[in-house]
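Trainee: Take a look at the following structure, please.
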Amino acid sequence: MPALQRDEAQTRARLIDVHRYDIALDLTQGEDRFGSRTVIHFTARTDGDTFVELRPAELHSVTLDGHPLDPADLDDNRLPLTGLAPGAHELRLDATMRYSRTGEGMHRFTDPADGESYVYTQLFLDDVQRVFAAFDQPDLKAVFALTVTAPTDWSVLGNGIATQCDPGHWTLAPTPLISSYLVAVAAGPWHSVRTEHAGLPFGIHCRRSLAPHLDADTDEILGLTRRCFDRYHQIFEEPYPFDSYDQAFVPEFNAGAMENPGLVTFRDEYIFRSAVTDTERQSRGVTIAHEMAHMWFGDLVTLQWWDDIWLNESFAEYMGYQVLAEATRFTDTWTNFAIARKSWGYDADQRPSTHPVAPAPEDVPDTASALLNFDGISYAKGASALRQLVAWMGEKAFLAGINDHFARHRFANATLADFIDSLARATDRDVHAWAERWLRTTGADTLTPVVREAADGNWSLSVEQTGSPDGTRPHRLTVGCYDHDRTTTGRLVPREPLTWDVPDDDARSATGGRPALLLLNDQDLTYAKVRLDPVSWDTALGALSGLPGPLTRAVVWNAARDMVRDGELAPAAYLDAARAHLPYETDLAIVQGVLAFARTQIADRYLPRTQRHTALATLTALSRDILRRTEGPEHGSEAGLRLTAVRAFIDSATTPEGIQDWLDDGSVPGGPRLDPELRWRILGRLATLGAAPLGELRAAIDAELARDPSATGREGAARCHAALPDPAAKQAAWDALFTTDGPAALSNYLFTATATGFWAPEQLDLLRPYVARYFTDVPALAAARGPALAAAAGRYAFPDLFVEDHTLHLGEACLTDGNPTPALRRKLIDQLDDLRRAVKVRAAAENA
């Protein structure tokens with residue numbers, strides 16, 4: 001499928017205005033295909049030629065202004081429209097379309113728990129043409145009016161209020177002017193909870209088999225939705241711009257959620273079947289707030305071309321964390337952002353594939369390249385930049401600029417220049433210069449304190465800045481100053497912090513002896529890698545868990561993480577710090593983030609293989625300490641810490657002792673009882689370890705699937721079977737992963753489950769032949785199955801456990817000779833860069 005070129009989109013936008021789509025979808029034509037009829041009303045400004053996009057299974061008929069066109073003129077996904085005269089035109093197309101199993105276009109899912117089927121659309125970025133014909137670019141906004149024919153026991157959801165005219169026939173209220181990629185339909189026998197808020201109908205929906213779990217969380221989900229909605233109405237002058245607000249939790253969704261106006265779709269893992277931590281509940285809340293922000297920034301005002309995707313995602317990312325913290329009980333969202341999201345941005349910004357938050361238009365020449373920019377830079381770095389902007393210009397001026405932007409461009413399209421102009425009207429600061437230095441450049445600055453102590457006990461501080469292209473990216477930050485608590489060993493107490501502007505502020509002198517710990521970017525208000533001076537680092541190693549404030553501790557942990565990745569801190573030293581301080585850490589986000597890095601990066605990739613067993617033993621001992629600390633009814637509020645420790649213990653187990661007993665007993669001593677998630681986690685670890693004869697393990701997997709025949713259970717079984725240390729099991733898993741068509745081709749979720757089970761550090765000898773096979777087989781898979789599966793194959797099926805120069809050589813040859821698709825190429829570039837970094841870190845650890 002040829003990608004839409006930016007210059008093609010500009011040419012088409014100059015030629016035509018699109019006014020209205022009338023779309024009829026027939027979802028009663030079987031399990032593989034559906035009917036799609038489209039009428040497009042548009043106007044040509046001058047004489048000219050253009051094209052409309054469509055990817056049908058079969059195009060039955062086309063008429064333009066009542067005159068038939070030849071369906072055979074469809075070339076791949078483009079139907080030419082030639083000889084247009086100035087004035088109004090009507091284009092009619094009748095087609096049969098294919099359902100997707102990769103989460104793109106119209107995805108169809110049959111629930112193994114009860115046999116019920118569901119369909120939903122995911123039309124971002126250029127997948128509208130998989131569902132109906134369209135002039136598929138964001139700046140050709142139109143009104144969309146849909147009718148849907150569905151099985152009579154289904155209900156239908158859409159961007160506007162849905163009305164069932166008679167059994168099986170539904171009409172969706174026409175939308176205001178929106179972009180084509182924002183059209184949404186979801187149909188099936190939904191379990192729905194409906195209410196009203198602020199005079200609008202609200203609803204939450206999921207598949208029937210998840211109904212008890214949605215009902216258990218209805219009050220929390222709707223409560224967060226109402227509070228965020230009300231907060232947005234306090235800070236935005238423009239009222240909510242659509243006629244209803246539905247949230248559908250849909251199966252096998254590729255993203256966290258999608259901001260379709262009036263019908264936000266979420267991955268239905270957010271309907272929790274098993275116990276979760278409060279941090280995971282907070283993450284769900286952030287996603288709810290993030291998508292609601294898009295109703296204004298993205299849906300009401302939409303980017304003109306995909307170079308400005310950050311205008312959507314960075315803004316929603318920032319507002320999601322900020323509004324949830326302001327409006328709900330989740331007041332520590334920025335700690336979770338620092339530990340779980342910001343590292344995503346730092347990592348992406350240090351790879352060869354980095355790009356500016358706001359790339360130049362010519363650097364996003366087509367939709368294929370645009371799709372690659374949905375990464376840690378557009379989300380995490382962009383949100384961090386906006387947080388720094390608010391700290392620099394003030395929240396009042398920032399919100400005034402935002403509201404000016406909404407007023408000027410409501411139901412239209414806007415660019416970076418438009419956005420910056422609106423901000424500039426609200427402040428005396430030079431926002432244009434700020435934007436050039438922050439949004440048009442790449443890379444993360446590194447800020448290093450330089451402390452000089454005088455003989456009289458006085459001291460001075462200056463800050464060195466490296467990293468940004470010209471060394472002038474401005475940072476307004478807080479410098480935390482901490483002393484040892486003389487009354488309590490291991491605790492630190494704060495002095496008055498310093499406010500610092502980098503690079504403008506010169507060295508400052510102070511009296512009274514230097515603090516035991518100086519921390520740049522305390523409270524994490526800017527986006528920069530920070531380093532600690534030697535005295536401060538020694539203090540942190542001894543008293544990190546004694547620092548007041550979880551966000552302060554998160555900044556130190558992030559510095560340690562960066563130092564490991566940059567070869568400045570031995571991976572074993574990071575692990576030692578985790579062992580010393582995590583048993584006393586009270587913040588869930590920090591415990592989860594540090595354990596995840598220690599387990600998946602330190603133990604599996606950075607440490608020499610000969611040290612892995614010892615590292616895992618350290619992590620299980622650490623987990624036991626947390627379990628002991630949280631045992632007993634007096635620690636009921638720490639259930640999340642306990643659950644986190646149980647998960648880490650299972651994942652780090654080197655023998656079946658302990659976890660097999662938990663599985664047999666159905667409970668961890670002192671709690672929790674094993675729910676489906678923990679049972680599958682234990683079974684996956686036992687399979688990886690080969691903890692019993694293969695026949696017994698296979699029987700146990702099959703028995704667990706019979707116990708849990710849900711979609712999640714089916715994924716758990718696929719993961720466990722792929723994890724078995726058996727040549728036949730590995731071959732079967734590989735064949736399943738790389739089947740490219742037909743009913744045997746895995747859905748997106750089953751692909752991910754199988755791939756994550758396949759690679760295991762305990763099985764390197766068994767897996768070694770598949771390293772070369774991966775680079776041989778993956779280009780064809782990506783070409784056949786599209787961008788979503790290509791991204792999954794590059795992320796989950798990549799042999800990153802083989803931290804060797806040989807893997808790098810194979811990957812580089814694939815990039816040169818394998819002709820990977822753009823989505824796969826980007827993933828391979830990123831994975832190989834991470835692997836190259838791991839090779840260096842491991843080599844240094846081996847030679848230490």
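By order of appearance in the structure tokens: chains A, B, ..., then residues from 1 within every chain, and ligands from 1 in the order shown.
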Give me the residues within 7 Å of A:Thr466 as a list in words, counting only C-alpha atoms and dropping any in the same chain fewer than 2 places off.
Mentor: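 The residues that qualify are Asp445, Thr446, Leu447, Glu464, Ser468 and Gly471 of chain A.
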Trainee: Since we have the selection now, will you write its residues out, keeping all heavy atoms, as a PDB file, in the first residue's frame?
Mentor:
ATOM      1  N   ASP A 445      19.914  16.631  27.425  1.00  0.00           N
ATOM      2  CA  ASP A 445      21.022  17.277  28.128  1.00  0.00           C
ATOM      3  C   ASP A 445      21.437  16.437  29.330  1.00  0.00           C
ATOM      4  O   ASP A 445      20.618  15.724  29.925  1.00  0.00           O
ATOM      5  CB  ASP A 445      20.600  18.660  28.633  1.00  0.00           C
ATOM      6  CG  ASP A 445      20.555  19.692  27.525  1.00  0.00           C
ATOM      7  OD1 ASP A 445      21.111  19.423  26.455  1.00  0.00           O
ATOM      8  OD2 ASP A 445      19.954  20.753  27.740  1.00  0.00           O
ATOM      9  N   THR A 446      22.694  16.562  29.718  1.00  0.00           N
ATOM     10  CA  THR A 446      23.181  16.014  30.980  1.00  0.00           C
ATOM     11  C   THR A 446      23.631  17.180  31.841  1.00  0.00           C
ATOM     12  O   THR A 446      24.430  18.026  31.394  1.00  0.00           O
ATOM     13  CB  THR A 446      24.347  15.037  30.764  1.00  0.00           C
ATOM     14  OG1 THR A 446      23.905  13.949  29.966  1.00  0.00           O
ATOM     15  CG2 THR A 446      24.867  14.510  32.101  1.00  0.00           C
ATOM     16  N   LEU A 447      23.099  17.255  33.053  1.00  0.00           N
ATOM     17  CA  LEU A 447      23.423  18.326  33.987  1.00  0.00           C
ATOM     18  C   LEU A 447      24.239  17.742  35.136  1.00  0.00           C
ATOM     19  O   LEU A 447      23.817  16.768  35.775  1.00  0.00           O
ATOM     20  CB  LEU A 447      22.149  18.973  34.527  1.00  0.00           C
ATOM     21  CG  LEU A 447      21.169  19.518  33.475  1.00  0.00           C
ATOM     22  CD1 LEU A 447      19.938  20.109  34.155  1.00  0.00           C
ATOM     23  CD2 LEU A 447      21.842  20.551  32.583  1.00  0.00           C
ATOM     24  N   GLU A 464      27.214  22.230  35.107  1.00  0.00           N
ATOM     25  CA  GLU A 464      27.699  22.017  33.744  1.00  0.00           C
ATOM     26  C   GLU A 464      26.594  21.381  32.907  1.00  0.00           C
ATOM     27  O   GLU A 464      25.914  20.457  33.359  1.00  0.00           O
ATOM     28  CB  GLU A 464      28.927  21.107  33.754  1.00  0.00           C
ATOM     29  CG  GLU A 464      30.166  21.748  34.349  1.00  0.00           C
ATOM     30  CD  GLU A 464      31.383  20.842  34.231  1.00  0.00           C
ATOM     31  OE1 GLU A 464      31.217  19.656  33.836  1.00  0.00           O
ATOM     32  OE2 GLU A 464      32.492  21.302  34.548  1.00  0.00           O
ATOM     33  N   SER A 468      22.704  19.108  24.525  1.00  0.00           N
ATOM     34  CA  SER A 468      21.906  19.759  23.483  1.00  0.00           C
ATOM     35  C   SER A 468      22.843  20.327  22.420  1.00  0.00           C
ATOM     36  O   SER A 468      23.998  20.652  22.699  1.00  0.00           O
ATOM     37  CB  SER A 468      21.032  20.860  24.086  1.00  0.00           C
ATOM     38  OG  SER A 468      21.812  21.830  24.731  1.00  0.00           O
ATOM     39  N   GLY A 471      24.208  23.706  23.402  1.00  0.00           N
ATOM     40  CA  GLY A 471      24.463  23.915  24.822  1.00  0.00           C
ATOM     41  C   GLY A 471      23.648  25.021  25.457  1.00  0.00           C
ATOM     42  O   GLY A 471      23.982  25.488  26.548  1.00  0.00           O
TER      43      GLY A 471
END
Trainee: Give me the residues near A:Gly467 as a VMD selection string, where near means some atom within 12 Å (using only C-alpha atoms) and where sequence neighbours in that chain fewer than 4 positions away do not count.
Mentor: chain A and resid 349 to 350 441 to 448 471 to 473 527 to 530
Trainee: As an exercise, work out the distance from atom CA of A:Gly567 to atom CA of A:Ala813 in Å and give it to one decimal place.
Mentor: 26.5 Å
Trainee: So which one's closest to A:Trp306, A:Ala687, A:Val591, A:Leu125, A:Ala753? Using only C-alpha atoms, please.
Mentor: A:Leu125
Trainee: Please identify all polymer residues within 9 Å of A:Ile235, counting only C-alpha atoms, omitting same-chain residues fewer than 3 positions from it, and present them as number ranges by chain.
Mentor: A: 231-232, 399, 403
Trainee: Keeping only C-alpha atoms, write those residues as a short mmCIF file (atom, residue, chain, number, x, y, z; two decimals), in the first residue's frame.
Mentor:
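Once everything was written out, this is result_17.cif:
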data_model
loop_
_atom_site.label_atom_id
_atom_site.label_comp_id
_atom_site.auth_asym_id
_atom_site.auth_seq_id
_atom_site.Cartn_x
_atom_site.Cartn_y
_atom_site.Cartn_z
CA ARG A 231 -11.64 19.65 36.01
CA TYR A 232 -11.25 20.12 32.27
CA LEU A 399 -3.64 27.87 30.17
CA ASN A 403 -7.64 28.56 25.55
#
Trainee: Report the distance between atom CA of A:Leu595 and atom CA of A:Ala257 in Å, rounded to one decimal place.
Mentor: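 Spanning atom CA of A:Leu595 to atom CA of A:Ala257 is a straight-line distance of 26.1 Å.
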